[in-house]
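Trainee: query_4.pdb is reproduced below (PDB, C-alpha atoms, pLDDT in the B column).
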ATOM      1  CA  MET V 216      23.501 -80.774  97.651  1.00 41.00           C
ATOM      2  CA  THR V 217      23.390 -81.276 100.640  1.00 35.00           C
ATOM      3  CA  GLY V 218      26.150 -81.108 104.631  1.00 36.00           C
ATOM      4  CA  ASN V 219      23.550 -83.723 105.094  1.00 37.00           C
ATOM      5  CA  SER V 220      23.062 -84.081 108.815  1.00 37.00           C
ATOM      6  CA  HIS V 221      21.242 -87.345 108.131  1.00 39.00           C
ATOM      7  CA  ARG V 222      24.059 -89.046 106.247  1.00 39.00           C
ATOM      8  CA  SER V 223      26.716 -91.200 107.864  1.00 35.00           C
ATOM      9  CA  PRO V 224      30.279 -90.632 106.667  1.00 34.00           C
ATOM     10  CA  ALA V 225      30.668 -94.398 106.646  1.00 34.00           C
ATOM     11  CA  ASP V 226      28.303 -94.462 103.679  1.00 37.00           C
ATOM     12  CA  HIS V 227      30.069 -91.715 101.727  1.00 37.00           C
ATOM     13  CA  ARG V 228      33.847 -91.968 101.469  1.00 36.00           C
ATOM     14  CA  ALA V 229      36.263 -90.507  98.977  1.00 37.00           C
ATOM     15  CA  ALA V 230      37.048 -92.238  95.724  1.00 39.00           C
ATOM     16  CA  ALA V 231      40.683 -91.923  96.730  1.00 37.00           C
ATOM     17  CA  THR V 232      42.080 -94.530  94.373  1.00 34.00           C
ATOM     18  CA  ASN V 233      40.587 -92.822  91.330  1.00 42.00           C
ATOM     19  CA  SER V 234      41.543 -89.341  92.474  1.00 41.00           C
ATOM     20  CA  ALA V 235      45.054 -89.792  93.833  1.00 39.00           C
ATOM     21  CA  SER V 236      46.940 -89.019  90.641  1.00 41.00           C
ATOM     22  CA  ARG V 237      44.835 -86.128  89.330  1.00 46.00           C
ATOM     23  CA  SER V 238      46.707 -83.113  88.053  1.00 45.00           C
ATOM     24  CA  GLU V 239      44.187 -81.578  85.628  1.00 63.00           C
ATOM     25  CA  ASP V 240      41.826 -78.802  86.618  1.00 79.00           C
ATOM     26  CA  ILE V 241      38.732 -80.049  88.411  1.00 88.00           C
ATOM     27  CA  SER V 242      35.802 -78.102  89.822  1.00 92.00           C
ATOM     28  CA  VAL V 243      34.620 -78.659  93.368  1.00 94.00           C
ATOM     29  CA  GLY V 244      31.906 -77.366  95.652  1.00 94.00           C
ATOM     30  CA  VAL V 245      31.038 -77.759  99.329  1.00 97.00           C
ATOM     31  CA  ILE V 246      27.504 -77.685 100.725  1.00 96.00           C
ATOM     32  CA  LEU V 247      25.371 -78.251 103.796  1.00 97.00           C
ATOM     33  CA  GLY V 248      22.473 -80.593 103.123  1.00 93.00           C
ATOM     34  CA  PHE V 249      19.142 -80.851 104.930  1.00 95.00           C
ATOM     35  CA  PRO V 250      17.286 -83.626 106.768  1.00 95.00           C
ATOM     36  CA  PRO V 251      15.194 -85.694 104.329  1.00 95.00           C
ATOM     37  CA  GLU V 252      11.789 -84.442 105.429  1.00 96.00           C
ATOM     38  CA  ILE V 253      12.755 -80.770 105.116  1.00 96.00           C
ATOM     39  CA  ALA V 254      14.557 -81.346 101.814  1.00 95.00           C
ATOM     40  CA  ALA V 255      11.493 -83.130 100.417  1.00 96.00           C
ATOM     41  CA  GLU V 256       9.147 -80.365 101.530  1.00 96.00           C
ATOM     42  CA  LEU V 257      11.290 -77.665  99.938  1.00 96.00           C
ATOM     43  CA  GLN V 258      11.633 -79.726  96.773  1.00 95.00           C
ATOM     44  CA  ARG V 259       7.830 -79.863  96.483  1.00 96.00           C
ATOM     45  CA  TRP V 260       7.604 -76.127  96.929  1.00 97.00           C
ATOM     46  CA  ARG V 261      10.299 -75.483  94.336  1.00 97.00           C
ATOM     47  CA  ALA V 262       8.516 -77.733  91.840  1.00 97.00           C
ATOM     48  CA  SER V 263       5.239 -75.913  92.483  1.00 97.00           C
ATOM     49  CA  PHE V 264       6.839 -72.682  91.238  1.00 97.00           C
ATOM     50  CA  GLY V 265       7.746 -74.342  87.944  1.00 96.00           C
ATOM     51  CA  ASP V 266      11.477 -74.581  88.601  1.00 94.00           C
ATOM     52  CA  PRO V 267      12.791 -77.363  86.314  1.00 89.00           C
ATOM     53  CA  LEU V 268      15.732 -77.988  88.669  1.00 88.00           C
ATOM     54  CA  ALA V 269      13.425 -79.005  91.517  1.00 90.00           C
ATOM     55  CA  GLU V 270      13.769 -82.684  90.656  1.00 86.00           C
ATOM     56  CA  VAL V 271      17.563 -82.706  90.542  1.00 83.00           C
ATOM     57  CA  VAL V 272      18.671 -80.085  93.081  1.00 82.00           C
ATOM     58  CA  PRO V 273      18.186 -81.118  96.710  1.00 86.00           C
ATOM     59  CA  ALA V 274      17.684 -78.310  99.214  1.00 92.00           C
ATOM     60  CA  HIS V 275      21.013 -77.124 100.569  1.00 95.00           C
ATOM     61  CA  ILE V 276      23.184 -74.210 101.630  1.00 97.00           C
ATOM     62  CA  THR V 277      26.251 -73.662  99.474  1.00 96.00           C
ATOM     63  CA  LEU V 278      29.494 -73.047 101.355  1.00 97.00           C
ATOM     64  CA  VAL V 279      31.857 -73.085  98.363  1.00 96.00           C
ATOM     65  CA  THR V 280      30.439 -72.453  94.922  1.00 90.00           C
ATOM     66  CA  THR V 281      32.013 -73.926  91.782  1.00 89.00           C
ATOM     67  CA  THR V 282      35.760 -73.545  92.337  1.00 93.00           C
ATOM     68  CA  PRO V 283      38.556 -74.925  90.129  1.00 91.00           C
ATOM     69  CA  THR V 284      41.562 -76.671  91.643  1.00 91.00           C
ATOM     70  CA  ARG V 285      44.529 -78.575  90.221  1.00 88.00           C
ATOM     71  CA  ASP V 286      45.463 -80.421  93.395  1.00 91.00           C
ATOM     72  CA  TRP V 287      42.700 -82.807  94.447  1.00 92.00           C
ATOM     73  CA  GLU V 288      44.655 -84.317  97.336  1.00 94.00           C
ATOM     74  CA  ALA V 289      45.471 -80.920  98.843  1.00 95.00           C
ATOM     75  CA  THR V 290      41.888 -79.796  98.344  1.00 96.00           C
ATOM     76  CA  ARG V 291      40.441 -82.889  99.971  1.00 95.00           C
ATOM     77  CA  GLU V 292      42.763 -82.661 102.953  1.00 97.00           C
ATOM     78  CA  HIS V 293      42.004 -78.952 103.328  1.00 97.00           C
ATOM     79  CA  VAL V 294      38.249 -79.592 103.463  1.00 97.00           C
ATOM     80  CA  ARG V 295      38.782 -82.526 105.838  1.00 97.00           C
ATOM     81  CA  GLU V 296      40.839 -80.352 108.173  1.00 97.00           C
ATOM     82  CA  VAL V 297      38.155 -77.641 108.255  1.00 97.00           C
ATOM     83  CA  ALA V 298      35.553 -80.324 109.074  1.00 97.00           C
ATOM     84  CA  ARG V 299      37.740 -81.762 111.833  1.00 97.00           C
ATOM     85  CA  ARG V 300      37.910 -78.368 113.522  1.00 96.00           C
ATOM     86  CA  GLN V 301      34.218 -77.495 113.096  1.00 97.00           C
ATOM     87  CA  LYS V 302      31.618 -78.105 115.809  1.00 96.00           C
ATOM     88  CA  PRO V 303      28.012 -79.034 114.911  1.00 97.00           C
ATOM     89  CA  PHE V 304      25.626 -76.087 114.952  1.00 97.00           C
ATOM     90  CA  LYS V 305      21.947 -75.287 114.587  1.00 97.00           C
ATOM     91  CA  VAL V 306      20.444 -73.805 111.444  1.00 98.00           C
ATOM     92  CA  THR V 307      17.108 -72.025 111.229  1.00 98.00           C
ATOM     93  CA  ILE V 308      15.821 -71.041 107.804  1.00 98.00           C
ATOM     94  CA  ALA V 309      13.007 -68.492 107.846  1.00 98.00           C
ATOM     95  CA  GLY V 310      11.275 -66.046 105.519  1.00 97.00           C
ATOM     96  CA  THR V 311      12.177 -65.169 101.950  1.00 98.00           C
ATOM     97  CA  GLY V 312      14.497 -62.859 100.054  1.00 97.00           C
ATOM     98  CA  THR V 313      15.586 -62.296  96.482  1.00 96.00           C
ATOM     99  CA  PHE V 314      18.658 -61.431  94.453  1.00 95.00           C
ATOM    100  CA  ARG V 315      16.537 -59.612  91.886  1.00 94.00           C
ATOM    101  CA  PRO V 316      17.221 -57.619  89.764  1.00 92.00           C
ATOM    102  CA  VAL V 317      20.828 -58.852  89.668  1.00 91.00           C
ATOM    103  CA  SER V 318      19.792 -62.505  89.448  1.00 93.00           C
ATOM    104  CA  PRO V 319      16.324 -64.133  89.025  1.00 95.00           C
ATOM    105  CA  VAL V 320      16.476 -66.002  92.328  1.00 96.00           C
ATOM    106  CA  VAL V 321      14.154 -66.202  95.320  1.00 97.00           C
ATOM    107  CA  PHE V 322      15.518 -67.834  98.447  1.00 98.00           C
ATOM    108  CA  ILE V 323      14.762 -68.696 102.048  1.00 98.00           C
ATOM    109  CA  ASN V 324      16.915 -66.810 104.526  1.00 98.00           C
ATOM    110  CA  VAL V 325      19.402 -68.452 106.849  1.00 98.00           C
ATOM    111  CA  GLU V 326      18.648 -67.054 110.305  1.00 97.00           C
ATOM    112  CA  ASP V 327      20.324 -69.109 113.046  1.00 97.00           C
ATOM    113  CA  GLY V 328      23.618 -70.400 111.740  1.00 97.00           C
ATOM    114  CA  PHE V 329      24.245 -67.505 109.339  1.00 98.00           C
ATOM    115  CA  GLU V 330      27.554 -66.544 110.934  1.00 97.00           C
ATOM    116  CA  ASP V 331      28.577 -70.195 111.224  1.00 98.00           C
ATOM    117  CA  CYS V 332      28.074 -70.573 107.475  1.00 98.00           C
ATOM    118  CA  VAL V 333      30.051 -67.405 106.761  1.00 97.00           C
ATOM    119  CA  ASP V 334      32.871 -68.576 109.028  1.00 98.00           C
ATOM    120  CA  LEU V 335      32.952 -71.989 107.350  1.00 98.00           C
ATOM    121  CA  HIS V 336      32.947 -70.371 103.918  1.00 97.00           C
ATOM    122  CA  GLU V 337      35.886 -68.155 104.824  1.00 96.00           C
ATOM    123  CA  LYS V 338      37.885 -71.092 106.189  1.00 97.00           C
ATOM    124  CA  LEU V 339      37.123 -73.276 103.182  1.00 97.00           C
ATOM    125  CA  GLN V 340      37.848 -70.603 100.580  1.00 95.00           C
ATOM    126  CA  ARG V 341      41.545 -70.583 101.460  1.00 94.00           C
ATOM    127  CA  GLY V 342      44.600 -72.509 100.316  1.00 93.00           C
ATOM    128  CA  PRO V 343      43.800 -74.698  97.282  1.00 94.00           C
ATOM    129  CA  LEU V 344      40.260 -73.242  97.106  1.00 95.00           C
ATOM    130  CA  HIS V 345      41.240 -69.593  97.296  1.00 93.00           C
ATOM    131  CA  ARG V 346      39.771 -67.322  94.644  1.00 89.00           C
ATOM    132  CA  GLU V 347      38.202 -63.906  94.363  1.00 88.00           C
ATOM    133  CA  LEU V 348      34.397 -64.054  94.178  1.00 85.00           C
ATOM    134  CA  PRO V 349      32.309 -61.602  92.108  1.00 85.00           C
ATOM    135  CA  PHE V 350      29.815 -61.174  94.958  1.00 85.00           C
ATOM    136  CA  ALA V 351      30.027 -61.274  98.740  1.00 90.00           C
ATOM    137  CA  TYR V 352      29.060 -64.653 100.181  1.00 95.00           C
ATOM    138  CA  HIS V 353      25.458 -64.765 101.420  1.00 95.00           C
ATOM    139  CA  PRO V 354      24.166 -68.057 102.887  1.00 97.00           C
ATOM    140  CA  HIS V 355      20.703 -68.885 101.525  1.00 97.00           C
ATOM    141  CA  VAL V 356      18.428 -71.677 100.291  1.00 97.00           C
ATOM    142  CA  THR V 357      17.324 -71.245  96.674  1.00 96.00           C
ATOM    143  CA  ILE V 358      13.602 -71.920  96.276  1.00 96.00           C
ATOM    144  CA  ALA V 359      13.013 -70.579  92.745  1.00 96.00           C
ATOM    145  CA  HIS V 360      15.529 -69.810  90.026  1.00 94.00           C
ATOM    146  CA  ASP V 361      15.182 -68.539  86.474  1.00 89.00           C
ATOM    147  CA  VAL V 362      11.407 -68.921  86.292  1.00 95.00           C
ATOM    148  CA  ALA V 363       8.729 -66.451  85.205  1.00 96.00           C
ATOM    149  CA  PRO V 364       8.611 -63.186  87.207  1.00 96.00           C
ATOM    150  CA  GLU V 365       5.138 -64.012  88.511  1.00 97.00           C
ATOM    151  CA  SER V 366       6.419 -67.364  89.782  1.00 97.00           C
ATOM    152  CA  LEU V 367       9.271 -65.625  91.573  1.00 97.00           C
ATOM    153  CA  ASP V 368       6.726 -63.258  93.114  1.00 97.00           C
ATOM    154  CA  GLU V 369       4.614 -66.218  94.215  1.00 97.00           C
ATOM    155  CA  ALA V 370       7.593 -67.991  95.795  1.00 97.00           C
ATOM    156  CA  GLU V 371       8.614 -64.875  97.676  1.00 97.00           C
ATOM    157  CA  THR V 372       5.084 -64.370  99.012  1.00 98.00           C
ATOM    158  CA  VAL V 373       3.933 -67.923  99.708  1.00 97.00           C
ATOM    159  CA  LEU V 374       6.971 -68.866 101.771  1.00 98.00           C
ATOM    160  CA  LYS V 375       7.422 -65.591 103.621  1.00 97.00           C
ATOM    161  CA  ASN V 376       6.342 -67.276 106.887  1.00 97.00           C
ATOM    162  CA  TYR V 377       8.200 -70.541 106.309  1.00 98.00           C
ATOM    163  CA  ARG V 378      10.430 -71.654 109.166  1.00 98.00           C
ATOM    164  CA  ALA V 379      12.441 -74.789 109.941  1.00 98.00           C
ATOM    165  CA  THR V 380      15.221 -75.601 112.408  1.00 98.00           C
ATOM    166  CA  PHE V 381      17.629 -78.528 112.329  1.00 97.00           C
ATOM    167  CA  PRO V 382      21.146 -79.488 113.437  1.00 96.00           C
ATOM    168  CA  VAL V 383      24.038 -79.496 110.981  1.00 97.00           C
ATOM    169  CA  VAL V 384      26.750 -82.035 111.782  1.00 97.00           C
ATOM    170  CA  SER V 385      28.535 -82.536 108.447  1.00 97.00           C
ATOM    171  CA  MET V 386      29.250 -81.053 105.026  1.00 97.00           C
ATOM    172  CA  GLY V 387      29.537 -82.572 101.578  1.00 96.00           C
ATOM    173  CA  LEU V 388      32.513 -82.254  99.230  1.00 96.00           C
ATOM    174  CA  TYR V 389      31.377 -82.460  95.592  1.00 94.00           C
ATOM    175  CA  GLU V 390      33.131 -82.728  92.246  1.00 91.00           C
ATOM    176  CA  HIS V 391      31.774 -81.505  88.917  1.00 83.00           C
ATOM    177  CA  ASP V 392      32.326 -84.501  86.655  1.00 78.00           C
ATOM    178  CA  ALA V 393      32.947 -84.739  82.898  1.00 76.00           C
ATOM    179  CA  ASN V 394      29.214 -85.097  82.267  1.00 75.00           C
ATOM    180  CA  GLY V 395      28.382 -81.864  84.029  1.00 72.00           C
ATOM    181  CA  ILE V 396      26.946 -83.666  87.067  1.00 78.00           C
ATOM    182  CA  TRP V 397      27.817 -82.864  90.665  1.00 82.00           C
ATOM    183  CA  GLN V 398      29.032 -86.019  92.410  1.00 88.00           C
ATOM    184  CA  LEU V 399      29.366 -86.356  96.163  1.00 92.00           C
ATOM    185  CA  ARG V 400      32.935 -87.453  96.963  1.00 93.00           C
ATOM    186  CA  GLU V 401      32.910 -87.227 100.745  1.00 95.00           C
ATOM    187  CA  GLU V 402      30.400 -86.437 103.485  1.00 96.00           C
ATOM    188  CA  LEU V 403      32.533 -85.152 106.344  1.00 96.00           C
ATOM    189  CA  ASP V 404      31.340 -85.198 109.933  1.00 97.00           C
ATOM    190  CA  PHE V 405      32.260 -82.165 111.984  1.00 97.00           C
ATOM    191  CA  GLY V 406      34.800 -82.668 114.745  1.00 94.00           C
ATOM    192  CA  THR V 407      35.935 -86.149 113.708  1.00 77.00           C
ATOM    193  CA  GLN V 408      38.825 -87.789 111.905  1.00 60.00           C
ATOM    194  CA  THR V 409      38.258 -89.224 108.424  1.00 51.00           C
ATOM    195  CA  ASP V 410      39.698 -92.586 107.486  1.00 51.00           C
ATOM    196  CA  ASP V 411      41.190 -92.890 104.013  1.00 50.00           C
ATOM    197  CA  ASP V 412      40.038 -96.368 103.084  1.00 44.00           C
ATOM    198  CA  GLY V 413      39.958 -95.719  99.369  1.00 39.00           C
ATOM    199  CA  GLY V 414      36.306 -96.697  99.203  1.00 35.00           C
ATOM    200  CA  THR V 415      34.165 -95.396  96.378  1.00 32.00           C
ATOM    201  CA  CYS V 416      31.502 -92.874  97.243  1.00 39.00           C
ATOM    202  CA  PRO V 417      28.105 -93.544  95.658  1.00 35.00           C
ATOM    203  CA  ALA V 418      27.005 -90.956  93.128  1.00 36.00           C
ATOM    204  CA  ALA V 419      24.723 -88.240  94.438  1.00 40.00           C
ATOM    205  CA  PRO V 420      21.866 -86.599  92.554  1.00 38.00           C
ATOM    206  CA  ALA V 421      22.772 -83.835  90.145  1.00 40.00           C
ATOM    207  CA  THR V 422      22.891 -80.324  91.540  1.00 42.00           C
ATOM    208  CA  ASP V 423      23.527 -76.878  90.107  1.00 49.00           C
ATOM    209  CA  ALA V 424      24.452 -75.255  93.343  1.00 52.00           C
ATOM    210  CA  PRO V 425      27.964 -75.756  94.636  1.00 62.00           C
TER     211      PRO V 425
END
Represent the structure of the file as structure tokens.

Mentor:
Amino acid sequence: MTGNSHRSPADHRAAATNSASRSEDISVGVILGFPPEIAAELQRWRASFGDPLAEVVPAHITLVTTTPTRDWEATREHVREVARRQKPFKVTIAGTGTFRPVSPVVFINVEDGFEDCVDLHEKLQRGPLHRELPFAYHPHVTIAHDVAPESLDEAETVLKNYRATFPVVSMGLYEHDANGIWQLREELDFGTQTDDDGGTCPAAPATDAP
């Protein structure tokens, strides 16, 4: 889901007490979320194309896709440090693209903010989150995935003139839990310090995307 520019970090803090002693492999992801009205609109569009994940995958831009780590504390501090050094920026999503034939995905392009996303990705995918990726990172917003070819065609055509602009002021750190659900652990404001109060972060909706 979703650096949700509409979420306050005071509402979403790390479950530090439960995570402090972890040593086993865990999988994490980092995303930028969208304002509620834009996320809801894109969710309706995704559902209209028959995508079964529309109800559980909020609109977002992935910064770090599913990445294993053994050191939760180092990972969390790394992501916090990147957030502390990041300034808010504007994102414009516009027009459609596809990863076909490699992958059955249609997406909305990231226009303004593309380089900011790439820069954030490169900073995040270091240290405890370093790994070689099979494909070059390409910021995008999935709008249809693994549906019938005609539905992918429809998504690519219907939304070719779609456009939305919004500020991005935070990013979300997610963990893939034992039940296969992505849980939001921290929503980190850009350019600010994060207190470590040990509060528990409320569970976020499931998502396939980080």

Trainee: Do you know which residues are at most 7 Å from Gly406 (chain V) counting only C-alpha atoms, after dropping those on the same chain fewer than 6 positions away, and could you put them as a list in words?

Mentor: Ala298, Arg299, Arg300, Gln301 and Lys302 of chain V

Trainee: When you count only C-alpha atoms, which of these residues is closest to Gly395 (chain V): V:Val243, V:Ala262, V:Ile253, V:Val333?

Mentor: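 Counting only C-alpha atoms, the residue closest to Gly395 (chain V) is V:Val243.
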
Trainee: Give me the residues near Leu403 (chain V) as a list in words, where near means some atom within 7 Å (using only C-alpha atoms) and where sequence neighbours in that chain fewer than 6 positions away do not count.

Mentor: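 Residues near the query, excluding close chain neighbours: Pro224, Arg295, Ala298, Ser385, Met386 and Gly387 of chain V.
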
Trainee: For Val356 (chain V), please output as a list in words all residues within 6 Å (counting all atoms listed in the file; exclusion window: fewer than 2 positions along the same chain).

Mentor: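 Final neighbour list, sorted by chain and number: Ile276, Phe322 and Ile323 of chain V.
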
Trainee: With the file shown as input, list the residues that the PyMOL selection byres ((chain V and resi 346) around 12) selects, as a list in words.

Mentor: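 Those residues are Val279, Thr280, Thr281, Thr282, Pro283, Thr284, His336, Glu337, Leu339, Gln340, Arg341, Gly342, Pro343, Leu344, His345, Glu347, Leu348, Pro349 and Phe350 of chain V.
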
Trainee: Which one of V:Ala393, V:Val321, V:Ile308, V:Leu278 sits closest to Leu247 (chain V) if you count only C-alpha atoms?

Mentor: V:Leu278

Trainee: Separation of CA of Leu374 (chain V) and CA of Asp331 (chain V), in Å?

Mentor: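 Between CA of Leu374 (chain V) and CA of Asp331 (chain V) the gap is 23.6 Å.
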
Trainee: Can you work out the spacing between CA of Leu399 (chain V) and CA of Phe264 (chain V) in Å, to one decimal?

Mentor: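 Interatomic distance here is 26.8 Å.
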
Trainee: Carefully work through the PyMOL selection byres ((chain V and resi 362) around 10) for this structure and note down the residues it includes, as a PyMOL selection string.

Mentor: chain V and resi 264-267+319-321+359-361+363-367

Trainee: Give as a list of chain:residue names every residue, naming chains and numbers as the document does, that has an atom within 7 Å of (16.3, -79.7, 110.6), counting only C-alpha atoms.

Mentor: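 Residues with an atom close enough to that point: V:Phe249, V:Pro250, V:Ile253, V:Ala379, V:Thr380, V:Phe381, V:Pro382.
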
Trainee: Please measure the separation of CA of Thr311 (chain V) and CA of Tyr377 (chain V), giving the value in Å to one decimal.

Mentor: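 Interatomic distance here is 8.0 Å.
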
Trainee: Return as a PyMOL selection string the set of residues that the PyMOL selection byres ((chain V and resi 254) around 10) yields on the displayed structure.

Mentor: chain V and resi 216-217+219+248-253+255-260+272-275

Trainee: Restricting the calculation to only C-alpha atoms: of V:Ser318, V:Asn324, V:Ser263, V:Thr277, which residue gets closest to Arg378 (chain V)?

Mentor: V:Asn324

Trainee: When distances are computed from only C-alpha atoms, which of V:Arg291, V:Gly310, V:Pro316, V:Phe304 shows the smallest separation from Phe329 (chain V)?

Mentor: V:Phe304

Trainee: For a quick check of understanding, using all atoms listed in the file, which of V:Glu371, V:Asp240, V:Tyr389, V:Cys332 has the smallest distance to Arg315 (chain V)?

Mentor: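 Checking each of V:Glu371, V:Asp240, V:Tyr389, V:Cys332 against Arg315 (chain V), counting all atoms listed in the file, the winner is V:Glu371.
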